[in-house]
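Enquirer: Quick one: the structure is below, and I'll ask about it shortly.
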Amino acid sequence: MAVETRVTAFQSAQQRFDAAAEVIGLSDDARRGLREVKRELTVHFPVRLDNGGVHVFTGWRVQHNISRGPAKGGIRYHPLVTLDLVKALAMLMTWKCAAVGLPYGGAKGAVACDPLKLSQNELEHLTRRYATEIAILLGPEKDIPAPDMGTNPQTMAWIMDTISMHSGHSVTASVTGKPVDVGGSEGRVDAPGRGATYLTLEALKYLHVEDEIPTMAVQGYGQVGRSTARLLSEAGLRVVAVSDSKGGVYNPKGLDLAALEEHRQVRGSISGFKKAENITNEELLELPVTVLVPAAVQDQITADNAAKIRARLITEGANAAIAPEADPILHEAGTFVIPDIIANAGGVIVSYFEWVQDLQAFFWEEEEINTKLHHVITRAFYEILHTSVNKRIDMRLAAYALAVQRVANATTVRGIYP
Ligand code: NAD
């Protein structure tokens with residue numbers, strides 16, 4: 001009888017780690033430690049709803065590794081989130097921070113809830129109680145949350161305020177992604193898209209793309225997708241297609257982004273935009289463009305459609321937009337991939353700048369933030385590229401190999417306590 005063996009998100013994260021450990025010849029002892037998460041806290045807590053009833057929510061905070069510094073990672077509000085997924089995302093954060101050279105470990109948090117079905121009042125109470133439940137782990141030198149799916153700068157302001165109330169003074173460095181009014185950083189909103197933009201321009205240079213005007217398609221016209229489209233179009237690329245969950249629009253002569261944004265603001269979606277033809281999300285991925293930016297959700301490029309991708313370069317804006325089985329197909333076909341682990345790392349890099357500014361109580365202007373972001377992310381790109389070329393492995397495996405090596409070095413040199 002066939003037994004179904006579905007790989008969970010955490011097992012899949014462990015497989016990616018195993019592949020990198022193999023590349024760098026990591027010892028079995030080091031592998032055993034880094035394959036597991038350091039801490040996982042599950043909390044069940046009551047929240048009084050607007051109708052007077054009480055609902056008990058479940059949440060988590062997981063720290064994968066803290067050898068290189070405080071744990072860093074977002075908080076997600078989503079109905080389908082599980083402890084297994086939070087563990088996988090915490091591990092990814094450890095590698096992401098190490099890949100771009102930030103002095104952080106990796107963490108992730110979540111509450112199983114549908115934020116769209118809760119009022120602002122309920123969300124505030126949920127957030128403050130969840131922050132209180134996981135507060136034993138949090139603090140500027142211990143673990144610093146940030147926004148993720150379903151949370152935003154307001155959520156971070158409530159968490160910062162809750163931790164500050166417990167401490168009796170303002171602890172602005174306790175979270176990042178806050179509003180600028182309470183210690184947030186200039187440039188944080190555009191940071192993931194700006195990082196993706198810098199990397200795309202470097203990769204086009206490296207690939208010697210000679211298209212007169214490189215074209216691009218963006219799947220997912222949200223925070224990451226919109227910034228990337230706008231900034232790359234300002235840099236001279238022609239955005240020919242974009243999509244959201246309702247479908248896409250395509251104009252080979254280029255989309256008028258200002259008119260499209262006006263349409264989106266009025267309609268709440270890009271669908272129905274008149275100056276372009278309608279296409280599906282599947283069709284968008286297979287367009288003959290120079291650059292493809294999947295910036296929506298996971299598992300969009302899989303073994304089923306990888307061979308149909310015609311882009312020269314993929315900048316993986318969304319986490320895990322490319323399924324593991326699609327990586328070798330793209331690599332074989334010569335498609336250059338900037339993997340999620342650095343493609344969207346602009347977010348955590350500027351979060352790091354926010355934490356540094358809060359700690360020193362001295363704030364930089366946006367221009368300085370963008371210059372520093374450019375420096376950190378471009379340095380990471382060339383380190384990963386050299387590893388990829390020298391070891392003849394794809395960019396994702398190269399990024400993982402570098403990151404795992406850095407974390408292993410820190411773990412080894414610190415030794416085993418006691
Ligand atoms: P968002 O919610 O602002 O935007 C997501 C967009 O994708 C929306 O336009 C939505 O309509 C569209 N979408 C949803 N499902 C889709 C589908 N099945 N097909 C096509 N489009 C679909 O989210 P975001 O903040 O832009 O995040 C996008 C991705 O980037 C996520 O994977 C997220 O984890 C990652 N990311 C975000 C940040 C950040 O700071 N925002 C940082 C790092 C990584």
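Going through the structure tokens in order, the chains are called A, B, and so on, while each chain numbers its residues from 1 and the ligands are numbered from 1 in the order shown.
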For range 193-200 of chain A, please output as a ChimeraX atom specification all residues within 10 Å (counting only C-alpha atoms; exclusion window: fewer than 5 positions along the same chain).
Expert: /A:187-188,205-206,223-233,235,291-293,295,313-317,337-338,340,342-347,349-350,370,373-378,380-382
Enquirer: Write as a count of residues only the residues around ligand 1, taking 9 Å as the cut-off and counting only C-alpha atoms and all ligand atoms.
Expert: 54
Enquirer: Quick check, in Å to one decimal: how far apart do CA of Phe57 in chain A and CA of Cys113 in chain A lie?
Expert: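 Atom-to-atom, CA of Phe57 in chain A to CA of Cys113 in chain A, that is 7.3 Å.
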Enquirer: Run DSSP on the backbone of this structure and report the residues of range 52-233 of chain A it assigns to helix (DSSP H, G or I), as a ChimeraX atom specification.
Expert: /A:83-99,115-117,120-134,153-167,172-174,180-182,191-206,223-233
Enquirer: What is the distance between CA of Tyr77 in chain A and CA of Asp114 in chain A, in Å to one decimal?
Expert: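 Answer for the CA of Tyr77 in chain A to CA of Asp114 in chain A separation: 6.7 Å.
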Enquirer: As a VMD selection string, please: the residues near Leu80 in chain A (cut-off 12 Å, only C-alpha atoms, same-chain neighbours under 4 positions excluded).
Expert: chain A and resid 58 to 59 76 84 to 86 110 to 115 149 to 150
Enquirer: What does the file look like for those residues with all heavy atoms, as a CSV table (one decimal), in the first residue's frame?
Expert:
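What landed in out-v6.csv:
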chain,number,residue,atom,x,y,z
A,58,THR,N,-4.4,31.1,19.1
A,58,THR,CA,-3.1,30.5,19.3
A,58,THR,C,-2.0,31.2,18.5
A,58,THR,O,-2.3,31.6,17.4
A,58,THR,CB,-3.2,29.0,18.8
A,58,THR,OG1,-4.2,28.3,19.5
A,58,THR,CG2,-1.8,28.3,18.9
A,59,GLY,N,-0.9,31.4,19.1
A,59,GLY,CA,0.2,32.1,18.5
A,59,GLY,C,1.6,31.4,18.8
A,59,GLY,O,1.6,30.5,19.7
A,76,ARG,N,3.4,37.2,11.5
A,76,ARG,CA,2.4,37.0,10.5
A,76,ARG,C,1.1,36.7,11.1
A,76,ARG,O,1.0,35.9,12.1
A,76,ARG,CB,2.9,35.7,9.7
A,76,ARG,CG,1.9,35.4,8.6
A,76,ARG,CD,2.5,34.3,7.7
A,76,ARG,NE,3.6,34.8,6.9
A,76,ARG,CZ,4.2,34.1,5.9
A,76,ARG,NH1,3.6,33.0,5.5
A,76,ARG,NH2,5.2,34.6,5.2
A,84,ASP,N,4.8,24.4,12.2
A,84,ASP,CA,5.8,23.9,11.3
A,84,ASP,C,6.2,25.0,10.3
A,84,ASP,O,7.4,25.1,10.0
A,84,ASP,CB,5.1,22.7,10.5
A,84,ASP,CG,6.1,22.1,9.5
A,84,ASP,OD1,6.9,21.2,9.9
A,84,ASP,OD2,6.1,22.5,8.3
A,85,LEU,N,5.3,25.8,9.8
A,85,LEU,CA,5.6,26.9,8.9
A,85,LEU,C,6.4,27.9,9.6
A,85,LEU,O,7.4,28.5,9.0
A,85,LEU,CB,4.3,27.5,8.3
A,85,LEU,CG,4.5,28.6,7.3
A,85,LEU,CD1,5.3,28.2,6.1
A,85,LEU,CD2,3.2,29.3,6.9
A,86,VAL,N,6.1,28.3,10.8
A,86,VAL,CA,6.8,29.3,11.6
A,86,VAL,C,8.3,28.9,11.8
A,86,VAL,O,9.2,29.6,11.7
A,86,VAL,CB,6.1,29.6,12.9
A,86,VAL,CG1,6.9,30.7,13.7
A,86,VAL,CG2,4.7,30.1,12.7
A,110,ALA,N,3.8,34.2,14.8
A,110,ALA,CA,2.6,34.2,14.0
A,110,ALA,C,1.4,34.0,15.0
A,110,ALA,O,1.6,33.5,16.1
A,110,ALA,CB,2.5,33.1,13.0
A,111,VAL,N,0.2,34.5,14.6
A,111,VAL,CA,-1.0,34.2,15.3
A,111,VAL,C,-2.0,33.6,14.2
A,111,VAL,O,-2.1,34.2,13.1
A,111,VAL,CB,-1.6,35.5,15.9
A,111,VAL,CG1,-3.0,35.1,16.6
A,111,VAL,CG2,-0.7,36.1,16.9
A,112,ALA,N,-2.6,32.5,14.5
A,112,ALA,CA,-3.6,31.9,13.6
A,112,ALA,C,-4.9,32.7,13.7
A,112,ALA,O,-5.6,32.6,14.7
A,112,ALA,CB,-3.8,30.5,13.9
A,113,CYS,N,-5.1,33.6,12.8
A,113,CYS,CA,-6.3,34.5,12.8
A,113,CYS,C,-6.5,35.1,11.4
A,113,CYS,O,-5.5,35.1,10.6
A,113,CYS,CB,-6.1,35.6,13.8
A,113,CYS,SG,-4.9,36.8,13.4
A,114,ASP,N,-7.7,35.5,11.1
A,114,ASP,CA,-7.9,36.2,9.8
A,114,ASP,C,-8.0,37.7,10.1
A,114,ASP,O,-9.1,38.2,10.6
A,114,ASP,CB,-9.2,35.7,9.2
A,114,ASP,CG,-9.3,36.3,7.8
A,114,ASP,OD1,-8.6,37.3,7.5
A,114,ASP,OD2,-10.1,35.8,7.0
A,115,PRO,N,-6.9,38.5,9.9
A,115,PRO,CA,-7.0,39.9,10.3
A,115,PRO,C,-8.1,40.7,9.6
A,115,PRO,O,-8.5,41.7,10.1
A,115,PRO,CB,-5.6,40.4,9.9
A,115,PRO,CG,-5.0,39.4,9.0
A,115,PRO,CD,-5.7,38.1,9.3
A,149,MET,N,3.2,39.1,6.6
A,149,MET,CA,1.8,39.1,6.0
A,149,MET,C,0.8,39.3,7.1
A,149,MET,O,0.8,38.7,8.2
A,149,MET,CB,1.6,37.8,5.4
A,149,MET,CG,2.1,37.6,4.0
A,149,MET,SD,2.2,35.9,3.4
A,149,MET,CE,0.5,35.5,3.4
A,150,GLY,N,-0.1,40.2,6.8
A,150,GLY,CA,-1.3,40.5,7.8
A,150,GLY,C,-0.9,41.4,8.9
A,150,GLY,O,-1.8,41.8,9.7
Enquirer: Based on DSSP run over this structure's backbone, return all residues of range 107-314 of chain A in strand (DSSP E), as an MDAnalysis selection string.
Expert: chainID A and resid 107:112 143:147 215:219 238:244 247:250 277:279 291:294 313:314
Enquirer: Would you mind listing what lies within 10 Å of Trp364 in chain A as a list in words, with only C-alpha atoms counted and same-chain residues fewer than 2 positions away left out?
Expert: Ser185, Glu186, Phe353, Glu354, Gln357, Phe362, Glu366, Glu367, Glu368 and Ile369 of chain A
Enquirer: Near Gly106 in chain A, counting only C-alpha atoms, which residues have an atom at most 9 Å away, once you skip same-chain residues fewer than 2 positions from it, shown as a PyMOL selection string?
Expert: chain A and resi 62-66+70-73+89-97+104+108+143
Enquirer: Between CA of Tyr400 in chain A and CA of Val23 in chain A, what is the spacing in Å?
Expert: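 So the two atoms, CA of Val23 in chain A and CA of Tyr400 in chain A, lie 9.5 Å apart.
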